[in-house]
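So this block is start13.cif, mmCIF, C-alpha atoms (C1' of nucleotides):
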```cif
data_final
loop_
_atom_site.label_atom_id
_atom_site.label_comp_id
_atom_site.auth_asym_id
_atom_site.auth_seq_id
_atom_site.Cartn_x
_atom_site.Cartn_y
_atom_site.Cartn_z
CA MET A 1 -12.21 -7.63 -27.21
CA ALA A 2 -9.53 -8.19 -24.65
CA GLN A 3 -10.42 -9.07 -21.13
CA GLN A 4 -11.74 -6.21 -19.08
CA SER A 5 -9.00 -7.04 -16.58
CA CYS A 6 -11.08 -6.22 -13.58
CA PRO A 7 -9.51 -8.30 -10.84
CA TYR A 8 -11.17 -6.30 -8.14
CA GLN A 9 -13.98 -7.51 -5.94
CA CYS A 10 -14.56 -4.08 -4.50
CA PRO A 11 -13.83 -0.47 -5.44
CA VAL A 12 -11.73 -0.05 -2.33
CA GLU A 13 -9.42 -2.73 -3.65
CA ALA A 14 -9.07 -0.90 -6.97
CA ALA A 15 -8.43 2.40 -5.23
CA PHE A 16 -5.64 1.00 -3.10
CA ASP A 17 -4.08 -0.51 -6.15
CA PHE A 18 -3.81 2.95 -7.67
CA ILE A 19 -2.77 4.98 -4.68
CA GLY A 20 -1.30 2.34 -2.38
CA GLY A 21 2.37 1.70 -1.98
CA LYS A 22 4.91 3.80 -0.21
CA TRP A 23 4.92 6.95 -2.29
CA LYS A 24 1.90 7.48 -4.53
CA ALA A 25 -0.43 9.09 -2.03
CA LEU A 26 2.39 11.31 -0.80
CA ILE A 27 3.16 12.50 -4.31
CA ILE A 28 -0.50 13.33 -4.95
CA TRP A 29 -0.62 15.13 -1.65
CA HIS A 30 2.45 17.21 -2.39
CA ILE A 31 1.32 18.22 -5.84
CA GLY A 32 -2.05 19.25 -4.49
CA LYS A 33 -3.88 21.90 -6.42
CA SER A 34 -0.70 23.44 -7.71
CA SER A 35 1.77 22.57 -10.41
CA ARG A 36 5.01 20.98 -9.31
CA ARG A 37 8.28 20.38 -11.04
CA TYR A 38 10.13 17.11 -10.70
CA SER A 39 12.77 18.70 -8.50
CA GLU A 40 10.18 20.30 -6.25
CA ILE A 41 8.60 16.94 -5.56
CA LYS A 42 12.03 15.48 -5.02
CA GLN A 43 12.77 18.14 -2.41
CA LYS A 44 9.57 17.41 -0.54
CA LEU A 45 10.39 13.70 -0.57
CA PRO A 46 14.09 13.70 0.23
CA LYS A 47 14.24 9.96 0.78
CA ILE A 48 12.95 8.88 -2.60
CA SER A 49 15.51 8.03 -5.23
CA PRO A 50 15.25 9.70 -8.66
CA HIS A 51 14.57 6.38 -10.29
CA ILE A 52 11.69 5.53 -8.01
CA LEU A 53 10.16 8.98 -8.20
CA SER A 54 10.29 8.77 -11.95
CA ARG A 55 8.62 5.39 -11.95
CA GLN A 56 5.91 6.42 -9.51
CA LEU A 57 5.12 9.51 -11.56
CA LYS A 58 4.87 7.34 -14.64
CA MET A 59 2.44 4.97 -12.93
CA LEU A 60 0.32 7.85 -11.67
CA GLU A 61 0.27 9.30 -15.15
CA ASP A 62 -0.65 5.95 -16.70
CA ASN A 63 -3.47 5.57 -14.22
CA GLY A 64 -4.86 9.00 -15.00
CA LEU A 65 -4.10 10.63 -11.68
CA ILE A 66 -1.57 13.22 -12.81
CA LEU A 67 -0.73 15.14 -15.95
CA ARG A 68 2.82 15.58 -17.20
CA LYS A 69 3.53 18.72 -19.18
CA GLN A 70 6.97 19.02 -20.72
CA HIS A 71 8.23 22.46 -21.70
CA GLU A 72 10.90 22.14 -24.38
CA GLY A 73 14.08 24.10 -24.00
CA ILE A 74 17.31 24.12 -22.08
CA PRO A 75 17.25 23.42 -19.23
CA PRO A 76 14.37 20.95 -19.44
CA ARG A 77 11.30 21.79 -17.46
CA VAL A 78 8.50 19.41 -16.57
CA GLU A 79 5.41 20.30 -14.63
CA TYR A 80 3.09 17.85 -12.92
CA THR A 81 -0.51 18.63 -12.07
CA LEU A 82 -3.40 16.54 -10.83
CA THR A 83 -6.19 15.38 -13.11
CA ALA A 84 -9.82 15.45 -12.00
CA ALA A 85 -9.33 12.00 -10.50
CA GLY A 86 -6.24 13.16 -8.66
CA LEU A 87 -7.98 16.27 -7.39
CA GLY A 88 -10.88 14.14 -6.21
CA LEU A 89 -8.45 12.33 -3.99
CA LEU A 90 -7.36 15.42 -2.09
CA PRO A 91 -10.34 15.59 0.30
CA ILE A 92 -9.84 11.92 1.07
CA LEU A 93 -6.16 12.41 1.80
CA ASP A 94 -7.10 15.40 3.88
CA LEU A 95 -9.41 13.26 6.01
CA THR A 96 -6.75 10.57 6.18
CA CYS A 97 -4.34 13.14 7.51
CA ASP A 98 -6.83 14.24 10.16
CA TRP A 99 -7.53 10.64 11.05
CA ALA A 100 -3.86 9.88 11.63
CA ILE A 101 -3.42 13.00 13.73
CA ALA A 102 -6.47 12.12 15.81
CA HIS A 103 -5.64 8.47 16.45
CA TYR A 104 -1.87 8.26 16.18
CA PRO A 105 -0.53 11.54 17.53
CA GLU A 106 2.67 9.80 18.62
CA HIS A 107 3.49 9.01 15.01
CA ILE A 108 3.18 12.58 13.84
CA PRO A 109 6.47 14.44 13.52
CA LYS A 110 6.99 17.13 16.13
CA GLY A 111 6.13 20.53 14.84
CA PHE A 112 4.01 19.22 12.03
CA PHE A 113 1.40 21.68 10.93
CA LYS A 114 -1.17 20.64 8.44
CA GLN A 115 -1.35 22.92 5.48
CA PRO A 116 -4.60 23.14 3.55
CA PRO A 117 -4.40 20.54 0.79
CA GLY A 118 -3.05 21.91 -2.44
CA SER A 119 -1.29 24.81 -0.84
CA MET B 1 13.73 5.59 26.57
CA ALA B 2 13.72 3.88 23.27
CA GLN B 3 13.50 5.87 20.11
CA GLN B 4 10.09 7.26 19.34
CA SER B 5 10.42 5.54 15.98
CA CYS B 6 8.58 8.21 14.08
CA PRO B 7 9.96 7.79 10.60
CA TYR B 8 7.11 9.70 9.06
CA GLN B 9 7.38 13.13 7.53
CA CYS B 10 3.64 13.43 7.18
CA PRO B 11 0.53 11.87 8.74
CA VAL B 12 -0.55 10.56 5.36
CA GLU B 13 2.60 8.51 5.27
CA ALA B 14 1.85 7.04 8.68
CA ALA B 15 -1.73 6.29 7.71
CA PHE B 16 -0.71 4.39 4.60
CA ASP B 17 1.76 2.42 6.61
CA PHE B 18 -1.10 1.20 8.80
CA ILE B 19 -3.77 0.60 6.21
CA GLY B 20 -1.75 0.18 3.04
CA GLY B 21 -0.89 -3.09 1.45
CA LYS B 22 -3.14 -5.45 -0.37
CA TRP B 23 -5.58 -6.51 2.32
CA LYS B 24 -5.74 -4.27 5.39
CA ALA B 25 -8.23 -1.71 4.11
CA LEU B 26 -10.39 -4.47 2.73
CA ILE B 27 -10.47 -6.28 6.05
CA ILE B 28 -11.45 -3.10 7.89
CA TRP B 29 -14.10 -2.47 5.31
CA HIS B 30 -15.57 -5.94 5.63
CA ILE B 31 -15.67 -5.90 9.39
CA GLY B 32 -17.38 -2.52 9.35
CA LYS B 33 -19.55 -1.74 12.31
CA SER B 34 -20.33 -5.36 12.98
CA SER B 35 -18.49 -8.23 14.57
CA ARG B 36 -16.94 -10.77 12.25
CA ARG B 37 -15.56 -14.21 12.77
CA TYR B 38 -12.34 -15.30 11.15
CA SER B 39 -14.19 -17.56 8.76
CA GLU B 40 -16.65 -14.83 7.80
CA ILE B 41 -13.81 -12.55 6.76
CA LYS B 42 -12.20 -15.43 4.95
CA GLN B 43 -15.39 -15.96 2.95
CA LYS B 44 -15.57 -12.33 1.95
CA LEU B 45 -11.93 -12.47 0.82
CA PRO B 46 -11.78 -15.80 -0.97
CA LYS B 47 -8.36 -15.16 -2.45
CA ILE B 48 -6.50 -14.57 0.79
CA SER B 49 -4.67 -17.49 2.32
CA PRO B 50 -5.39 -18.37 5.97
CA HIS B 51 -1.84 -17.55 6.95
CA ILE B 52 -1.93 -14.11 5.40
CA LEU B 53 -5.33 -13.30 6.83
CA SER B 54 -4.07 -14.28 10.24
CA ARG B 55 -1.00 -12.11 9.88
CA GLN B 56 -2.94 -9.11 8.61
CA LEU B 57 -5.39 -9.40 11.50
CA LYS B 58 -2.48 -9.54 13.91
CA MET B 59 -0.94 -6.40 12.42
CA LEU B 60 -4.25 -4.57 12.55
CA GLU B 61 -4.67 -5.62 16.16
CA ASP B 62 -1.13 -4.55 17.05
CA ASN B 63 -1.73 -1.18 15.42
CA GLY B 64 -4.91 -0.66 17.39
CA LEU B 65 -7.35 -0.85 14.49
CA ILE B 66 -9.25 -3.98 15.47
CA LEU B 67 -10.09 -5.90 18.61
CA ARG B 68 -9.78 -9.67 18.87
CA LYS B 69 -12.14 -11.41 21.25
CA GLN B 70 -11.61 -15.12 21.78
CA HIS B 71 -14.49 -17.19 23.14
CA GLU B 72 -13.13 -20.33 24.78
CA GLY B 73 -14.72 -23.63 23.99
CA ILE B 74 -14.90 -26.22 21.29
CA PRO B 75 -15.08 -25.35 18.52
CA PRO B 76 -12.98 -22.20 18.94
CA ARG B 77 -14.70 -18.94 18.16
CA VAL B 78 -12.99 -15.62 17.55
CA GLU B 79 -14.74 -12.35 16.87
CA TYR B 80 -13.12 -9.27 15.38
CA THR B 81 -14.49 -5.76 15.79
CA LEU B 82 -13.15 -2.34 14.96
CA THR B 83 -11.67 -0.04 17.57
CA ALA B 84 -12.42 3.69 17.60
CA ALA B 85 -9.50 4.18 15.22
CA GLY B 86 -10.82 1.49 12.92
CA LEU B 87 -14.32 2.93 12.99
CA GLY B 88 -12.89 6.34 12.19
CA LEU B 89 -11.56 4.89 9.00
CA LEU B 90 -14.95 3.79 7.69
CA PRO B 91 -16.08 7.18 6.38
CA ILE B 92 -12.74 7.52 4.61
CA LEU B 93 -13.05 4.11 3.00
CA ASP B 94 -16.59 5.00 2.08
CA LEU B 95 -15.38 8.08 0.24
CA THR B 96 -12.59 6.07 -1.34
CA CYS B 97 -15.18 3.65 -2.63
CA ASP B 98 -17.24 6.49 -4.11
CA TRP B 99 -14.12 7.98 -5.62
CA ALA B 100 -13.19 4.77 -7.39
CA ILE B 101 -16.71 4.31 -8.69
CA ALA B 102 -16.77 7.89 -9.98
CA HIS B 103 -13.39 7.90 -11.69
CA TYR B 104 -12.73 4.27 -12.56
CA PRO B 105 -16.11 2.75 -13.39
CA GLU B 106 -14.44 0.28 -15.73
CA HIS B 107 -12.59 -1.25 -12.81
CA ILE B 108 -15.69 -1.87 -10.77
CA PRO B 109 -17.05 -5.40 -10.92
CA LYS B 110 -20.30 -5.71 -12.81
CA GLY B 111 -23.26 -5.80 -10.53
CA PHE B 112 -21.40 -4.26 -7.66
CA PHE B 113 -23.70 -2.45 -5.29
CA LYS B 114 -22.26 -0.44 -2.52
CA GLN B 115 -23.63 -1.38 0.82
CA PRO B 116 -23.62 1.22 3.57
CA PRO B 117 -20.35 0.80 5.45
CA GLY B 118 -20.65 -1.49 8.41
CA SER B 119 -23.62 -3.33 7.10
"C1'" DC C 1 -12.39 -23.53 13.89
"C1'" DG C 2 -8.84 -20.63 13.76
"C1'" DG C 3 -5.00 -20.62 13.35
"C1'" DA C 4 0.86 -21.76 13.50
"C1'" DA C 5 5.20 -23.45 11.14
"C1'" DT C 6 7.92 -23.70 7.23
"C1'" DC C 7 9.52 -22.49 2.95
"C1'" DC C 8 9.26 -19.86 -1.29
"C1'" DT C 9 8.24 -16.27 -5.05
"C1'" DC C 10 8.33 -12.03 -6.94
"C1'" DG C 11 8.26 -7.39 -7.60
"C1'" DA C 12 8.17 -2.81 -5.17
"C1'" DG C 13 11.47 -0.17 -3.75
"C1'" DG C 14 16.45 1.18 -3.60
"C1'" DA C 15 21.73 2.39 -4.69
"C1'" DT C 16 24.66 4.02 -7.88
"C1'" DA C 17 26.24 5.78 -12.09
"C1'" DC C 18 25.34 7.99 -16.28
"C1'" DT C 19 22.90 11.34 -19.95
"C1'" DG C 20 20.01 14.42 -23.55
"C1'" DC D 1 17.02 19.57 -14.96
"C1'" DA D 2 14.85 15.59 -15.28
"C1'" DG D 3 15.41 11.94 -15.92
"C1'" DT D 4 17.73 6.41 -17.72
"C1'" DA D 5 20.29 2.22 -17.15
"C1'" DT D 6 21.82 -1.61 -14.22
"C1'" DC D 7 21.90 -4.24 -10.62
"C1'" DC D 8 20.36 -5.53 -6.04
"C1'" DT D 9 17.77 -6.08 -1.45
"C1'" DC D 10 14.18 -7.39 1.22
"C1'" DG D 11 9.93 -8.35 2.91
"C1'" DA D 12 4.87 -8.58 1.75
"C1'" DG D 13 2.30 -11.91 0.20
"C1'" DG D 14 1.56 -16.88 -0.90
"C1'" DA D 15 1.42 -22.34 -0.85
"C1'" DT D 16 1.38 -26.07 1.78
"C1'" DT D 17 1.25 -28.76 5.80
"C1'" DC D 18 0.26 -29.41 10.58
"C1'" DC D 19 -2.12 -28.50 15.31
"C1'" DG D 20 -4.93 -27.43 20.03
#
```

Write out the structure in this file as structure tokens.
Amino acid sequence: MAQQSCPYQCPVEAAFDFIGGKWKALIIWHIGKSSRRYSEIKQKLPKISPHILSRQLKMLEDNGLILRKQHEGIPPRVEYTLTAAGLGLLPILDLTCDWAIAHYPEHIPKGFFKQPPGS
Amino acid sequence: MAQQSCPYQCPVEAAFDFIGGKWKALIIWHIGKSSRRYSEIKQKLPKISPHILSRQLKMLEDNGLILRKQHEGIPPRVEYTLTAAGLGLLPILDLTCDWAIAHYPEHIPKGFFKQPPGS
DNA sequence: CGGAATCCTCGAGGATACTG
DNA sequence: CAGTATCCTCGAGGATTCCG
């Protein structure tokens, strides 16, 4: 058998390896409980480049956080939804959102209103 | 007045800027509700280099997540504790830990037992 | 003991152009 | 529409040495 490849000392370390980085948590958050197309996610994250979004989605898929469903036809149509693991993250991201609002109000964009996760 | 420098579209983005990266969440987690010396944290994180630990602690202090208390004397003695913001993160990290254990049991080190946060 | 100073690696993230 | 293909930047993280 190959190595278990468990370089983590602590579950928190593993978790941040899966959802850390600049975009992954945001993508999970924006998919929420719904189904999102590539271009919908792109619109919500205007600053991400297509290449990076594509790569992040691939990583999330490989790590079992999202599902990619491709509908054949012209034009192409791809839908992303969260897996059970991804859905399990939503309450945590929700709390994280509350935490940031509570402790760093000056870093919250003006006029930001929190929508229930998975709107 | 200088720019507000609020480059975040969403509180989750801000939060991950503060606690993202390879070490910050782990450091918060290991300080917990107690007071930890530099060398205690270093022992819990054997793979971090002194320089990096120092820099991460500085960032956490600058972002208002931890407090640094220096006791003068020889030998030097520095204690780190969490601020209110840092403490507010503990329940979230606790849930994150549970989440990883639930969904990625194969990435959890054998024999890992979760201690109540802030042990 | 708890760092600081210096230098370096490496890969996440990005810009741009192109395509089935 | 939903990506690939190339090439590039830049800074987090690291190794090593030195210090009050």

(request) Quick one: pull the distance between CA of His30 (chain A) and CA of Val12 (chain B), Å, one decimal. (result)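 Taking CA of His30 (chain A) and CA of Val12 (chain B), their separation equals 10.6 Å.
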
(request) Find the residues in chain B near chain D: any atom within 8 Å counts, using all atoms listed in the file. Write them as a ChimeraX atom specification. (result) /B:21,49,52

(message) Taking all atoms listed in the file into account, name the residue in B:Cys10, B:Ile66, B:Leu87, B:Ile74 that is nearest to chain C.
(response) B:Ile74

(message) Based on all atoms listed in the file, which of the residues in chain B come within 12 Å of chain C? I want them as a list in words.
(response) Gly21, Arg37, Tyr38, Ser39, Glu40, Ile41, Lys42, Ser49, Pro50, His51, Ile52, Leu53, Ser54, Arg55, Leu57, Lys58, Gln70, His71, Glu72, Gly73, Ile74, Pro75, Pro76, Arg77, Val78 and Glu79 of chain B

Sorted per-residue table, chain A near chain B, closest atoms and distance, 9 Å, all atoms listed in the file, as a tab-separated table:
```
residue	atom	partner	partner_atom	distance
A:Gln4	CA	B:Glu106	CA	7.8
A:Ser5	CA	B:His107	CA	7.8
A:Cys6	CA	B:His107	CA	5.3
A:Pro7	CA	B:His107	CA	7.9
A:Tyr8	CA	B:Pro109	CA	6.6
A:Gln9	CA	B:Pro109	CA	6.2
A:Cys10	CA	B:Ile108	CA	6.7
A:Pro11	CA	B:Cys97	CA	5.2
A:Val12	CA	B:Cys97	CA	5.1
A:Glu13	CA	B:Leu26	CA	6.7
A:Ala14	CA	B:His107	CA	6.8
A:Ala15	CA	B:Ala100	CA	5.7
A:Phe16	CA	B:Gly20	CA	7.3
A:Asp17	CA	B:Lys22	CA	7.7
A:Gly20	CA	B:Gly20	CA	5.9
A:Gly21	CA	B:Gly20	CA	6.7
A:Lys22	CA	B:Phe16	CA	7.4
A:Trp23	CA	B:Glu13	CA	8.1
A:Ala25	CA	B:Val12	CA	7.5
A:Leu26	CA	B:Glu13	CA	6.7
A:Trp29	CA	B:Val12	CA	8.4
A:Leu45	CA	B:Gln9	CA	8.7
A:Ala84	CA	B:His103	CA	8.4
A:Ala85	CA	B:His103	CA	5.9
A:Gly88	CA	B:Trp99	CA	7.0
A:Leu89	CA	B:Trp99	CA	7.3
A:Ile92	CA	B:Ile92	CA	6.3
A:Leu93	CA	B:Val12	CA	6.9
A:Asp94	CA	B:Val12	CA	8.3
A:Leu95	CA	B:Ile92	CA	6.8
A:Thr96	CA	B:Val12	CA	6.3
A:Cys97	CA	B:Val12	CA	5.1
A:Asp98	CA	B:Pro11	CA	7.9
A:Trp99	CA	B:Gly88	CA	7.0
A:Ala100	CA	B:Pro11	CA	5.6
A:Ile101	CA	B:Pro11	CA	6.5
A:Ala102	CA	B:Ala85	CA	8.5
A:His103	CA	B:Ala85	CA	5.9
A:Tyr104	CA	B:Ala14	CA	8.5
A:Pro105	CA	B:Pro11	CA	8.9
A:Glu106	CA	B:Cys6	CA	7.6
A:His107	CA	B:Cys6	CA	5.2
A:Ile108	CA	B:Pro11	CA	5.8
A:Pro109	CA	B:Gln9	CA	6.2
A:Phe112	CA	B:Cys10	CA	7.6
A:Lys114	CA	B:Cys10	CA	8.8
```

(message) Report, in Å with one decimal, the straight-line distance from CA of Gln43 (chain A) to CA of Lys69 (chain A).
(response)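 About the pair CA of Gln43 (chain A) and CA of Lys69 (chain A): they are 19.2 Å apart.
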
(message) Rounded to one decimal, what separation in Å do you get between CA of Lys47 (chain B) and CA of Met59 (chain B)?
(response)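 Result for CA of Lys47 (chain B) versus CA of Met59 (chain B): 18.8 Å, one decimal.
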